[in-house]
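A.B. asks: If it helps, the file is called data-v1.cif and holds mmCIF, C-alpha atoms:
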```
data_final
#
loop_
_atom_site.label_atom_id
_atom_site.label_comp_id
_atom_site.auth_asym_id
_atom_site.auth_seq_id
_atom_site.Cartn_x
_atom_site.Cartn_y
_atom_site.Cartn_z
CA MET A 250 0.00 0.00 0.00
CA GLY A 251 1.33 3.45 -0.91
CA LEU A 252 1.87 6.14 1.68
CA PHE A 253 -1.45 7.88 0.99
CA ASP A 254 -3.54 5.01 -0.40
CA ARG A 255 -5.69 4.84 2.73
CA PHE A 256 -6.71 8.47 2.15
CA LYS A 257 -8.13 8.00 -1.36
CA THR A 258 -10.65 10.65 -2.37
CA LYS A 259 -14.23 9.42 -2.36
CA PRO A 260 -15.70 9.14 -5.89
CA GLY A 261 -17.93 12.12 -6.69
CA ALA A 262 -16.80 14.14 -3.67
CA LYS A 263 -16.80 17.91 -4.17
CA ARG A 264 -13.30 19.35 -4.03
CA ALA A 265 -11.87 22.83 -3.46
CA VAL A 266 -8.62 24.62 -4.25
CA VAL A 267 -7.39 27.62 -2.23
CA ILE A 268 -4.40 29.56 -3.55
CA GLY A 269 -3.03 32.24 -1.24
CA LEU A 270 -1.01 35.19 -2.51
CA ASP A 271 0.29 36.63 0.73
CA GLY A 272 -0.31 40.37 0.92
CA THR A 273 -1.50 40.88 -2.67
CA PRO A 274 -3.86 43.88 -2.70
CA CYS A 275 -7.08 43.55 -4.67
CA THR A 276 -6.39 46.96 -6.21
CA LEU A 277 -3.00 45.74 -7.46
CA ALA A 278 -4.50 42.53 -8.85
CA ARG A 279 -7.09 44.59 -10.75
CA ARG A 280 -4.38 46.92 -12.05
CA PHE A 281 -2.34 43.97 -13.35
CA ILE A 282 -5.44 42.43 -14.92
CA GLN A 283 -6.17 45.69 -16.73
CA ASP A 284 -2.64 46.42 -17.94
CA GLY A 285 -1.97 42.90 -19.21
CA THR A 286 0.56 41.83 -16.56
CA MET A 287 -1.70 38.94 -15.45
CA PRO A 288 -3.60 37.71 -18.55
CA ARG A 289 -4.27 34.22 -17.17
CA PHE A 290 -5.77 35.60 -14.00
CA ALA A 291 -7.79 38.01 -16.14
CA GLU A 292 -9.22 35.09 -18.11
CA LEU A 293 -10.04 33.25 -14.89
CA VAL A 294 -11.70 36.34 -13.39
CA SER A 295 -13.87 36.65 -16.49
CA ARG A 296 -15.45 33.36 -15.43
CA GLY A 297 -15.70 34.13 -11.72
CA VAL A 298 -16.00 36.90 -9.15
CA LEU A 299 -13.15 39.11 -7.87
CA LEU A 300 -13.88 40.99 -4.64
CA GLN A 301 -12.05 43.35 -2.34
CA MET A 302 -11.94 41.80 1.14
CA ASP A 303 -11.41 43.01 4.71
CA THR A 304 -8.97 41.14 6.89
CA SER A 305 -8.30 40.86 10.59
CA ILE A 306 -7.39 43.64 12.98
CA PRO A 307 -4.47 43.61 13.63
CA ASP A 308 -3.76 43.10 9.91
CA ILE A 309 -0.63 41.05 10.52
CA SER A 310 -0.07 37.72 8.79
CA SER A 311 -0.07 35.49 11.87
CA VAL A 312 -3.46 36.86 12.90
CA ALA A 313 -4.91 36.99 9.39
CA TRP A 314 -3.89 33.50 8.29
CA THR A 315 -5.09 32.03 11.59
CA SER A 316 -8.40 33.82 11.07
CA PHE A 317 -8.54 32.31 7.57
CA MET A 318 -7.81 28.76 8.69
CA THR A 319 -10.24 28.85 11.62
CA GLY A 320 -12.97 31.14 10.31
CA ALA A 321 -12.77 32.77 13.73
CA ASN A 322 -11.77 36.08 15.29
CA PRO A 323 -8.69 36.29 17.55
CA GLY A 324 -10.94 36.24 20.61
CA ARG A 325 -11.65 32.62 19.71
CA HIS A 326 -8.40 31.43 18.13
CA GLY A 327 -6.11 33.30 20.53
CA ILE A 328 -3.47 34.72 18.14
CA TYR A 329 -3.03 38.51 18.28
CA GLY A 330 0.38 39.02 16.65
CA PHE A 331 3.72 37.50 15.66
CA LEU A 332 4.67 38.29 19.25
CA ASP A 333 2.32 37.79 22.18
CA LEU A 334 2.55 38.02 25.95
CA GLN A 335 2.86 35.04 28.25
CA PRO A 336 0.01 35.01 30.81
CA ASN A 337 0.61 37.17 33.92
CA SER A 338 3.90 38.36 32.47
CA TYR A 339 5.62 40.92 30.26
CA LYS A 340 7.60 38.10 28.63
CA ILE A 341 7.27 37.77 24.89
CA TYR A 342 6.77 34.52 23.00
CA PHE A 343 6.23 33.53 19.38
CA PRO A 344 2.79 31.90 18.98
CA ASN A 345 2.78 28.79 16.80
CA SER A 346 0.30 26.16 15.64
CA LYS A 347 0.11 24.65 19.13
CA HIS A 348 -1.29 27.90 20.51
CA ILE A 349 -4.27 28.07 18.12
CA ARG A 350 -7.40 27.50 20.20
CA SER A 351 -9.94 27.04 17.38
CA GLU A 352 -10.45 24.12 15.01
CA THR A 353 -8.80 24.56 11.63
CA LEU A 354 -10.45 24.22 8.26
CA TRP A 355 -8.47 21.06 7.47
CA ALA A 356 -9.41 19.54 10.82
CA ALA A 357 -13.08 20.06 9.93
CA VAL A 358 -12.45 18.54 6.48
CA GLY A 359 -10.68 15.59 8.12
CA LYS A 360 -13.58 14.95 10.49
CA ALA A 361 -15.77 14.51 7.44
CA GLY A 362 -13.42 11.80 6.21
CA ARG A 363 -11.93 14.03 3.54
CA ARG A 364 -8.27 14.65 2.81
CA SER A 365 -6.35 17.98 2.76
CA VAL A 366 -2.99 18.95 1.30
CA VAL A 367 -1.75 22.20 2.87
CA ILE A 368 1.45 23.94 1.79
CA ASN A 369 3.14 27.02 3.22
CA VAL A 370 0.23 28.52 5.15
CA PRO A 371 1.81 30.83 7.77
CA SER A 372 1.27 29.97 11.46
CA THR A 373 1.01 26.20 10.83
CA TYR A 374 4.45 25.42 12.33
CA PRO A 375 5.17 22.94 13.77
CA ALA A 376 3.13 20.71 11.46
CA GLN A 377 0.25 19.04 13.28
CA PRO A 378 -1.09 15.62 12.22
CA LEU A 379 -4.06 15.74 9.86
CA ASN A 380 -5.87 13.55 7.36
CA GLY A 381 -3.52 14.47 4.56
CA ALA A 382 -0.22 16.29 4.21
CA LEU A 383 1.07 19.64 5.45
CA ILE A 384 4.24 21.65 4.93
CA ALA A 385 4.21 24.55 7.37
CA GLY A 386 4.91 28.14 6.42
CA PHE A 387 6.36 31.17 8.19
CA VAL A 388 7.88 31.04 10.80
CA ALA A 389 9.02 27.48 10.17
CA VAL A 390 12.70 26.90 10.93
CA ASP A 391 13.14 23.11 10.62
CA LEU A 392 11.83 21.29 7.56
CA ASN A 393 11.45 18.06 9.51
CA LYS A 394 9.21 19.71 12.10
CA ALA A 395 7.45 21.64 9.33
CA THR A 396 6.39 18.52 7.41
CA TYR A 397 3.66 15.96 8.00
CA PRO A 398 4.09 13.16 7.23
CA ARG A 399 7.88 13.13 7.55
CA ASP A 400 8.11 10.78 4.58
CA LEU A 401 7.84 13.83 2.31
CA VAL A 402 11.05 15.42 3.60
CA PRO A 403 13.58 13.51 1.42
CA GLU A 404 11.77 14.51 -1.79
CA LEU A 405 11.37 18.11 -0.60
CA THR A 406 15.09 18.20 0.11
CA ARG A 407 15.92 16.68 -3.27
CA ARG A 408 13.83 19.36 -4.95
CA GLY A 409 15.62 22.14 -3.06
CA TYR A 410 12.42 23.29 -1.36
CA ARG A 411 12.81 26.58 0.51
CA ILE A 412 10.80 27.43 3.59
CA ASP A 413 11.16 31.18 3.02
CA VAL A 414 13.08 34.00 1.39
CA ASP A 415 16.38 34.93 3.02
CA ALA A 416 15.57 38.56 3.86
CA ARG A 417 19.13 39.05 5.12
CA LYS A 418 20.15 39.26 1.47
CA VAL A 419 19.05 42.89 1.54
CA GLN A 420 22.18 43.61 3.60
CA GLU A 421 24.20 42.42 0.61
CA SER A 422 22.16 44.27 -2.00
CA HIS A 423 18.64 44.65 -3.31
CA ASP A 424 19.75 42.77 -6.42
CA ALA A 425 20.71 39.79 -4.25
CA LEU A 426 17.40 39.94 -2.41
CA MET A 427 15.38 40.12 -5.63
CA ALA A 428 17.26 37.11 -6.99
CA ASP A 429 16.53 35.17 -3.81
CA ILE A 430 12.83 36.08 -3.95
CA LEU A 431 12.61 34.84 -7.55
CA GLU A 432 14.49 31.61 -6.82
CA THR A 433 12.35 30.88 -3.75
CA LEU A 434 9.22 31.50 -5.82
CA GLU A 435 10.37 28.94 -8.40
CA ARG A 436 11.00 26.31 -5.71
CA ARG A 437 7.62 27.06 -4.16
CA ILE A 438 5.72 26.76 -7.44
CA GLU A 439 7.50 23.53 -8.36
CA THR A 440 6.55 21.98 -5.03
CA LEU A 441 2.95 23.18 -5.15
CA LEU A 442 2.41 21.69 -8.60
CA TRP A 443 4.17 18.45 -7.65
CA LEU A 444 1.92 17.94 -4.64
CA TYR A 445 -1.16 19.02 -6.58
CA ASP A 446 -0.45 16.39 -9.22
CA THR A 447 0.77 13.51 -7.06
CA GLN A 448 -1.32 13.56 -3.88
CA ASP A 449 -4.92 12.58 -3.33
CA TRP A 450 -6.87 15.48 -1.88
CA ASP A 451 -10.30 16.94 -1.42
CA LEU A 452 -8.95 20.30 -0.26
CA PHE A 453 -5.75 21.73 -1.72
CA ALA A 454 -4.48 24.88 0.01
CA GLY A 455 -1.18 26.43 -1.06
CA VAL A 456 0.28 29.84 -0.31
CA ILE A 457 2.84 31.97 -2.15
CA THR A 458 4.56 34.12 0.50
CA GLU A 459 7.10 35.66 -1.86
CA THR A 460 4.49 38.26 -2.84
CA ASP A 461 4.62 39.61 0.71
CA ARG A 462 8.42 39.65 0.79
CA LEU A 463 8.58 41.43 -2.57
CA GLN A 464 6.19 44.13 -1.41
CA HIS A 465 7.83 44.76 1.95
CA PHE A 466 11.11 45.60 0.22
CA PHE A 467 10.06 46.74 -3.27
CA MET A 468 6.56 48.25 -2.97
CA ASP A 469 7.94 51.62 -4.01
CA ALA A 470 8.82 50.07 -7.37
CA MET A 471 5.19 50.43 -8.35
CA GLY A 472 5.52 54.21 -8.20
CA GLY A 473 6.60 54.50 -11.81
CA GLU A 474 8.53 52.97 -14.69
CA HIS A 475 11.63 54.98 -13.77
CA HIS A 476 12.19 52.80 -10.67
CA LYS A 477 15.07 50.33 -11.02
CA TYR A 478 12.90 47.38 -9.96
CA HIS A 479 9.62 48.35 -11.65
CA SER A 480 10.00 45.80 -14.45
CA ALA A 481 11.25 43.11 -12.06
CA PHE A 482 8.22 43.67 -9.84
CA LYS A 483 5.83 43.22 -12.75
CA ASP A 484 7.81 40.27 -14.12
CA PHE A 485 7.48 38.61 -10.72
CA TYR A 486 3.70 38.94 -10.89
CA GLY A 487 3.84 37.66 -14.45
CA ARG A 488 5.42 34.47 -13.10
CA VAL A 489 2.73 34.25 -10.41
CA ASP A 490 0.16 34.66 -13.19
CA ARG A 491 1.63 31.72 -15.12
CA PHE A 492 1.34 29.62 -11.95
CA ILE A 493 -2.31 30.65 -11.57
CA GLY A 494 -2.82 29.56 -15.16
CA GLU A 495 -1.18 26.20 -14.48
CA ILE A 496 -3.55 25.59 -11.57
CA ALA A 497 -6.57 26.79 -13.56
CA SER A 498 -5.70 24.41 -16.40
CA ARG A 499 -5.81 21.51 -13.97
CA LEU A 500 -9.28 22.29 -12.61
CA SER A 501 -11.94 19.68 -13.36
CA GLY A 502 -15.00 20.96 -11.56
CA GLU A 503 -13.34 22.07 -8.31
CA THR A 504 -14.25 25.40 -6.73
CA MET A 505 -11.13 27.60 -6.77
CA ILE A 506 -10.58 30.46 -4.36
CA LEU A 507 -7.64 32.82 -4.78
CA MET A 508 -7.09 35.07 -1.79
CA SER A 509 -4.64 37.20 0.16
CA ASP A 510 -4.38 37.69 3.90
CA HIS A 511 -4.17 41.51 3.69
CA GLY A 512 -3.42 44.30 1.28
CA PHE A 513 -0.29 46.45 0.86
CA THR A 514 0.68 50.05 0.38
CA THR A 515 3.86 52.11 0.41
CA ILE A 516 5.25 53.33 3.74
CA GLU A 517 5.73 56.99 4.50
CA ARG A 518 6.84 56.59 8.13
CA GLN A 519 7.01 54.12 10.99
CA VAL A 520 5.28 55.46 14.10
CA TYR A 521 6.52 54.28 17.50
CA LEU A 522 3.63 54.12 19.93
CA ASN A 523 5.76 53.28 22.97
CA THR A 524 7.73 56.48 22.37
CA TRP A 525 4.46 58.41 22.52
CA LEU A 526 3.40 56.55 25.67
CA VAL A 527 6.71 57.37 27.34
CA ASP A 528 6.59 61.02 26.29
CA HIS A 529 3.07 61.40 27.70
CA GLY A 530 3.70 59.67 31.02
CA PHE A 531 1.85 56.40 30.37
CA LEU A 532 4.94 54.19 30.13
CA ARG A 533 8.18 53.90 32.07
CA LEU A 534 11.10 51.80 30.87
CA LYS A 535 14.28 50.51 32.45
CA ASP A 536 17.59 51.87 31.17
CA ASN A 537 18.64 50.45 27.81
CA ALA A 538 15.28 48.76 27.33
CA LYS A 539 15.11 46.32 24.42
CA SER A 540 11.47 45.17 24.62
CA VAL A 541 8.37 45.53 26.77
CA GLU A 542 9.96 42.90 29.03
CA ASP A 543 11.96 45.92 30.29
CA ILE A 544 8.90 47.80 31.50
CA ALA A 545 9.51 49.69 34.75
CA PRO A 546 7.18 50.05 37.77
CA GLY A 547 4.71 52.89 37.53
CA SER A 548 3.63 52.20 33.95
CA LEU A 549 0.01 52.57 32.96
CA ALA A 550 0.16 51.11 29.44
CA PHE A 551 2.45 49.73 26.74
CA ALA A 552 2.26 48.84 23.04
CA LEU A 553 3.08 45.83 20.86
CA ASP A 554 3.20 45.55 17.07
CA PRO A 555 1.13 46.48 15.20
CA GLY A 556 -0.85 49.17 17.00
CA ARG A 557 -1.83 47.07 20.04
CA ILE A 558 -2.23 48.93 23.35
CA TYR A 559 -2.35 47.06 26.67
CA LEU A 560 -3.28 48.57 30.02
CA ASN A 561 -0.97 47.57 32.87
CA VAL A 562 -3.82 46.17 34.95
CA LYS A 563 -3.47 45.02 38.56
CA GLY A 564 -3.57 41.25 38.81
CA LYS A 565 -3.02 40.79 35.08
CA PHE A 566 0.60 41.95 34.96
CA PRO A 567 3.32 41.64 37.64
CA ASP A 568 3.75 45.40 38.13
CA GLY A 569 0.20 46.31 37.18
CA ILE A 570 -1.10 49.51 38.75
CA VAL A 571 -4.32 50.20 36.85
CA ASP A 572 -7.52 49.47 38.78
CA LYS A 573 -10.30 48.15 36.56
CA ALA A 574 -12.47 51.00 37.81
CA ASP A 575 -10.00 53.47 36.28
CA ALA A 576 -9.45 51.60 33.01
CA ALA A 577 -12.08 53.39 30.94
CA LYS A 578 -10.79 56.83 31.89
CA ILE A 579 -7.17 55.96 31.07
CA LEU A 580 -8.14 54.34 27.79
CA ALA A 581 -10.13 57.44 26.83
CA GLU A 582 -7.07 59.62 27.51
CA ILE A 583 -4.84 57.36 25.43
CA LYS A 584 -7.36 57.23 22.58
CA GLN A 585 -7.64 60.99 22.52
CA GLY A 586 -3.90 61.46 22.59
CA LEU A 587 -3.16 58.89 19.89
CA SER A 588 -5.82 60.40 17.66
CA GLU A 589 -3.91 63.69 17.84
CA ILE A 590 -0.70 62.24 16.36
CA ALA A 591 -0.80 63.99 13.02
CA VAL A 592 1.19 64.70 9.87
CA ASN A 593 0.33 67.84 7.93
CA GLY A 594 -2.74 68.26 10.07
CA ALA A 595 -4.13 64.75 9.42
CA SER A 596 -4.28 62.08 12.13
CA VAL A 597 -2.22 58.97 11.43
CA ALA A 598 -4.96 56.93 13.16
CA GLN A 599 -7.82 56.01 10.88
CA ARG A 600 -9.73 54.50 13.81
CA ILE A 601 -8.99 53.33 17.34
CA TYR A 602 -10.95 50.25 18.43
CA ASP A 603 -11.84 49.16 21.94
CA ARG A 604 -11.24 45.49 22.67
CA ASP A 605 -14.91 44.53 22.71
CA GLU A 606 -15.51 46.10 19.29
CA LEU A 607 -13.21 43.52 17.69
CA PHE A 608 -12.91 40.42 19.82
CA SER A 609 -15.20 37.87 21.44
CA GLY A 610 -14.61 34.37 22.70
CA ALA A 611 -12.75 32.32 25.29
CA CYS A 612 -9.40 34.04 24.57
CA VAL A 613 -10.60 37.63 24.87
CA GLU A 614 -8.85 38.26 28.20
CA SER A 615 -5.48 38.10 26.43
CA ALA A 616 -6.59 40.61 23.79
CA PRO A 617 -5.18 44.15 23.60
CA ASP A 618 -7.31 46.84 25.21
CA LEU A 619 -7.05 49.07 22.12
CA CYS A 620 -6.15 48.45 18.49
CA VAL A 621 -5.07 51.46 16.44
CA GLN A 622 -5.79 51.17 12.73
CA PRO A 623 -3.55 53.60 10.82
CA ILE A 624 -4.15 55.49 7.63
CA TYR A 625 -2.27 54.25 4.58
CA GLY A 626 1.45 54.90 4.82
CA TYR A 627 1.93 55.01 8.60
CA ASP A 628 3.08 51.74 10.12
CA LEU A 629 2.44 51.53 13.88
CA LYS A 630 5.28 49.82 15.74
CA GLY A 631 5.93 48.66 19.29
CA ALA A 632 9.70 49.20 19.52
CA VAL A 633 10.92 50.62 22.85
CA ASN A 634 14.42 51.70 21.79
CA LYS A 635 13.38 54.69 19.69
CA THR A 636 13.77 58.27 20.89
CA GLN A 637 11.86 59.81 17.99
CA LEU A 638 8.16 59.34 17.35
CA MET A 639 8.58 58.60 13.63
CA ASP A 640 11.28 57.48 11.25
CA ARG A 641 11.81 55.50 8.07
CA GLU A 642 13.52 52.10 8.00
CA VAL A 643 14.34 49.52 5.31
CA PHE A 644 10.79 48.41 4.43
CA THR A 645 9.06 50.30 1.63
CA GLY A 646 5.71 48.52 1.98
CA MET A 647 3.22 47.93 4.82
CA HIS A 648 0.02 45.96 5.32
CA THR A 649 -3.49 47.31 4.81
CA GLN A 650 -6.69 45.93 6.33
CA ASP A 651 -9.33 46.77 3.73
CA ASP A 652 -7.74 45.71 0.42
CA ALA A 653 -7.22 41.95 0.55
CA THR A 654 -8.02 39.86 -2.53
CA CYS A 655 -10.86 37.34 -2.78
CA PHE A 656 -11.58 35.54 -6.05
CA ILE A 657 -14.05 32.65 -6.42
CA THR A 658 -14.85 30.55 -9.49
CA THR A 659 -18.58 31.16 -9.31
CA THR A 660 -21.10 33.62 -10.70
CA ALA A 661 -22.06 36.97 -9.20
CA GLY A 662 -25.59 35.70 -8.58
CA GLU A 663 -24.25 33.00 -6.29
CA ILE A 664 -22.34 35.44 -4.07
CA ARG A 665 -24.07 36.98 -1.07
CA ASP A 666 -24.18 40.75 -0.67
CA GLY A 667 -21.71 42.68 1.47
CA LYS A 668 -17.95 43.00 1.55
CA PRO A 669 -16.31 39.68 2.45
CA HIS A 670 -14.12 39.18 5.50
CA ILE A 671 -11.21 36.77 5.76
CA THR A 672 -13.17 34.69 8.31
CA ASP A 673 -15.69 33.98 5.53
CA ILE A 674 -13.23 31.94 3.48
CA ALA A 675 -13.26 28.75 5.59
CA PRO A 676 -17.09 28.56 5.66
CA THR A 677 -17.09 29.20 1.90
CA VAL A 678 -14.66 26.34 1.30
CA LEU A 679 -16.75 23.98 3.41
CA ALA A 680 -19.93 25.01 1.59
CA ALA A 681 -18.23 24.45 -1.77
CA MET A 682 -17.24 20.95 -0.62
CA GLY A 683 -20.78 20.20 0.53
CA LEU A 684 -19.76 20.13 4.19
CA ASP A 685 -21.50 21.71 7.17
CA GLN A 686 -19.96 24.68 8.94
CA PRO A 687 -18.94 23.72 12.49
CA THR A 688 -19.73 25.81 15.53
CA GLY A 689 -16.99 28.24 16.50
CA MET A 690 -16.61 29.93 13.11
CA ASP A 691 -17.53 33.62 13.05
CA GLY A 692 -17.59 33.90 9.27
CA ARG A 693 -20.29 32.70 6.91
CA SER A 694 -20.19 31.27 3.43
CA LEU A 695 -20.01 33.75 0.57
CA ILE A 696 -21.73 31.26 -1.75
CA HIS A 697 -25.50 30.77 -1.88
CA ARG A 698 -25.55 27.00 -2.18
#
```
Would you mind writing the structure in this file as structure tokens?
C.D. replies:
Amino acid sequence: MGLFDRFKTKPGAKRAVVIGLDGTPCTLARRFIQDGTMPRFAELVSRGVLLQMDTSIPDISSVAWTSFMTGANPGRHGIYGFLDLQPNSYKIYFPNSKHIRSETLWAAVGKAGRRSVVINVPSTYPAQPLNGALIAGFVAVDLNKATYPRDLVPELTRRGYRIDVDARKVQESHDALMADILETLERRIETLLWLYDTQDWDLFAGVITETDRLQHFFMDAMGGEHHKYHSAFKDFYGRVDRFIGEIASRLSGETMILMSDHGFTTIERQVYLNTWLVDHGFLRLKDNAKSVEDIAPGSLAFALDPGRIYLNVKGKFPDGIVDKADAAKILAEIKQGLSEIAVNGASVAQRIYDRDELFSGACVESAPDLCVQPIYGYDLKGAVNKTQLMDREVFTGMHTQDDATCFITTTAGEIRDGKPHITDIAPTVLAAMGLDQPTGMDGRSLIHR
């Protein structure tokens, strides 16, 4: 018996394909459809529906992809950022797949006796057992721990599979980084097509993360043809388009969803919220502080990436001094002050959300008290070692919350009204496969079926 023979797809079972393009804005996809950069995607869109989609708040990949794979808000799945706080502590940890508190899409598919093949979805490391195969994405560090079943590792190694782009190449040169992005994309595409063609699956979910890496470092290349990397940027998306065409040519009745976890725009400035909190008396730090682990007694609040504000509440944190009775007043002061951070008379905060406006569920106690959603161009950071409120670092691109991509191979009449949200994707996949939506998903299917 072959390795996957016991997981053979049931005859006549409805199947679904999800292709993720990490960080690809819907507006950029439409631009490339219109100017001829992505003709294969254009042809596919002519037979389906392309929608602009909202993503999670915070609009960071670990939160967004977890919201995709669970169909749930962070208050249920428990992931609020690439970095989170250990309970009753200021200590930072990196959440991984073991910290996700909600059932994943592929777990629901597996319970129905159906098989999933999942490749390079961020926040799936270390790989957890499932009815199928999984190669974890960012922030995977060990291919053995990133792969289930382990039997796939020798072939992945033989094929030169890369877990991620080596962003350190930018220290060498932008040419070296661009070359690494392109090479990693080729290895990714080769592996995705190999698994698509050789494995039995009912759900195929594969993510291209090189789009995100390209845009973090080269988003300014879309400013005009004069830019050194303008053609390379468009050529990159041309290669992605050919991959989309290769997947589309393989479809035989499956529902295909092409999506991103957030949008992207160019950066004007990074804004350091902890600097503002220090300057306005809300935060005290120890000398030579490197992170919020170096918070000093007497602090009322602190910030984590991206735009997360936490009150230093008594009983919740070791040096907490905020009484719950005073929390609303302090939060109101912080909200007012943050809303007054402005450039050329315009606030850098598009909106400041209270915790209960965004989050609900068993994990809500670990949620930030405020989430600041910036206007385009102003990236809200939680660094504690900055003396200035704003500066500009190496990234040229930042995430956006309201411009993710959602494409479905269906007709407009089958799509429900209203702007989709990333938590709607998992229920949509299940509906397309003829499976019931489990309890615990906040989203709802986009397809009337």
A.B. asks: Quick one: distance from atom CA of Gly547 of chain A to atom CA of Gly586 of chain A in Å, one decimal?
C.D. replies: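 Spanning atom CA of Gly547 of chain A to atom CA of Gly586 of chain A is a straight-line distance of 19.3 Å.
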A.B. asks: Could you write out as AutoDock Vina command-line options the box around segment 471-479 of chain A (axis-aligned, all atoms listed in the file, 4 Å on each side), with centre and edge lengths in Å to one decimal?
C.D. replies:
```
--center_x 10.1 --center_y 51.2 --center_z -11.4 --size_x 17.9 --size_y 15.6 --size_z 14.5
```
A.B. asks: Please expand the PyMOL selection byres ((chain A and resi 617) around 9) into the concrete residues it hits in this file, giving the result as a list in words.
C.D. replies: Tyr329, Ala552, Leu553, Arg557, Ile558, Tyr559, Leu560, Asp603, Arg604, Val613, Glu614, Ser615, Ala616, Asp618, Leu619 and Cys620 of chain A
A.B. asks: Which distance in Å separates atom CA of Gly324 of chain A and atom CA of Val267 of chain A, to one decimal?
C.D. replies: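 Taking atom CA of Gly324 of chain A and atom CA of Val267 of chain A, their separation equals 24.7 Å.
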A.B. asks: To one decimal in Å, tell me the separation between atom CA of Leu679 of chain A and atom CA of Asp652 of chain A.
C.D. replies: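 Here the two named atoms are 23.7 Å from each other.
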A.B. asks: List as a VMD selection string the protein and nucleic acid residues near Leu441 of chain A, meaning an atom at most 10 Å away when all atoms listed in the file are counted, but skip any in the same chain fewer than 6 places from it.
C.D. replies: chain A and resid 268 366 to 369 435 453 to 457 492 496
A.B. asks: Pick the closest to Pro555 of chain A from A:Lys573, A:Arg600, A:His648, A:His479: which is it, counting only C-alpha atoms?
C.D. replies: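 Residue with the minimum atom-to-atom distance to Pro555 of chain A: A:His648.
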A.B. asks: Report as a list in words all protein, DNA and RNA residues lying within 8 Å of Val571 of chain A, evaluated on all atoms listed in the file, omitting residues in the same chain fewer than 3 positions from it.
C.D. replies: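 So, after excluding close chain neighbours, the residues are Leu549, Leu560, Asn561, Val562, Lys563, Asp575 and Ala576 of chain A.
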A.B. asks: Counting all atoms listed in the file, which residues of segment 452-566 of chain A sit at most 12 Å from some atom of segment 426-430 of chain A, and what is each one's closest atom pair with its distance in Å to one decimal, listed by chain and rising residue number, as JSON lines?
C.D. replies:
```
{"residue": "A:Ile457", "atom": "CA", "partner": "A:Ile430", "partner_atom": "CA", "distance": 11.0}
{"residue": "A:Thr458", "atom": "CA", "partner": "A:Ile430", "partner_atom": "CA", "distance": 9.6}
{"residue": "A:Glu459", "atom": "CA", "partner": "A:Ile430", "partner_atom": "CA", "distance": 6.1}
{"residue": "A:Thr460", "atom": "CA", "partner": "A:Ile430", "partner_atom": "CA", "distance": 8.7}
{"residue": "A:Asp461", "atom": "CA", "partner": "A:Ile430", "partner_atom": "CA", "distance": 10.1}
{"residue": "A:Arg462", "atom": "CA", "partner": "A:Ile430", "partner_atom": "CA", "distance": 7.4}
{"residue": "A:Leu463", "atom": "CA", "partner": "A:Ile430", "partner_atom": "CA", "distance": 7.0}
{"residue": "A:Gln464", "atom": "CA", "partner": "A:Ile430", "partner_atom": "CA", "distance": 10.7}
{"residue": "A:His465", "atom": "CA", "partner": "A:Leu426", "partner_atom": "CA", "distance": 11.6}
{"residue": "A:Phe466", "atom": "CA", "partner": "A:Leu426", "partner_atom": "CA", "distance": 8.9}
{"residue": "A:Phe467", "atom": "CA", "partner": "A:Met427", "partner_atom": "CA", "distance": 8.8}
{"residue": "A:Lys477", "atom": "CA", "partner": "A:Met427", "partner_atom": "CA", "distance": 11.5}
{"residue": "A:Tyr478", "atom": "CA", "partner": "A:Met427", "partner_atom": "CA", "distance": 8.8}
{"residue": "A:His479", "atom": "CA", "partner": "A:Met427", "partner_atom": "CA", "distance": 11.7}
{"residue": "A:Ser480", "atom": "CA", "partner": "A:Met427", "partner_atom": "CA", "distance": 11.8}
{"residue": "A:Ala481", "atom": "CA", "partner": "A:Met427", "partner_atom": "CA", "distance": 8.2}
{"residue": "A:Phe482", "atom": "CA", "partner": "A:Met427", "partner_atom": "CA", "distance": 9.0}
{"residue": "A:Asp484", "atom": "CA", "partner": "A:Met427", "partner_atom": "CA", "distance": 11.4}
{"residue": "A:Phe485", "atom": "CA", "partner": "A:Ile430", "partner_atom": "CA", "distance": 9.0}
{"residue": "A:Tyr486", "atom": "CA", "partner": "A:Ile430", "partner_atom": "CA", "distance": 11.8}
{"residue": "A:Arg488", "atom": "CA", "partner": "A:Ile430", "partner_atom": "CA", "distance": 11.9}
```
A.B. asks: Given all atoms listed in the file as the basis, pick out the residue of A:Leu270, A:Ala291, A:Ala632, A:Leu695 nearest to Glu663 of chain A.
C.D. replies: A:Leu695
A.B. asks: Go through A:Asp510, A:Asp528, A:Asp605, A:Asp568 and flag the residue nearest Ile674 of chain A, using all atoms listed in the file for the distances.
C.D. replies: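 So, comparing all the options, the nearest one is A:Asp510.
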A.B. asks: Here is a test: counting all atoms listed in the file, which residue of A:Leu522, A:Ala598, A:Ala574, A:Leu532 is nearest to Ile624 of chain A?
C.D. replies: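 Counting all atoms listed in the file, the residue closest to Ile624 of chain A is A:Ala598.
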A.B. asks: Give the answer as one residue: which of A:Pro288, A:Pro336, A:Gly689, A:Gly662 has the shortest atom-to-atom distance to Gly487 of chain A, using all atoms listed in the file?
C.D. replies: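 Selected residue with least distance to Gly487 of chain A: A:Pro288.
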A.B. asks: Take the PyMOL selection byres ((chain A and resi 655) around 9), run it mentally on this structure, and tell me the resulting residues as a list in words.
C.D. replies: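 Applying the PyMOL selection byres ((chain A and resi 655) around 9) to the structure shown produces Cys275, Val298, Leu299, Leu300, Gln301, Met302, Ile506, Leu507, Met508, Ser509, Ala653, Thr654, Phe656, Ile657, Pro669, Ile671 and Ile674 of chain A.
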A.B. asks: Which is closer to Ala376 of chain A than all the others in A:Asp685, A:Asp469, A:Glu404, A:Asp391, using all atoms listed in the file?
C.D. replies: A:Asp391
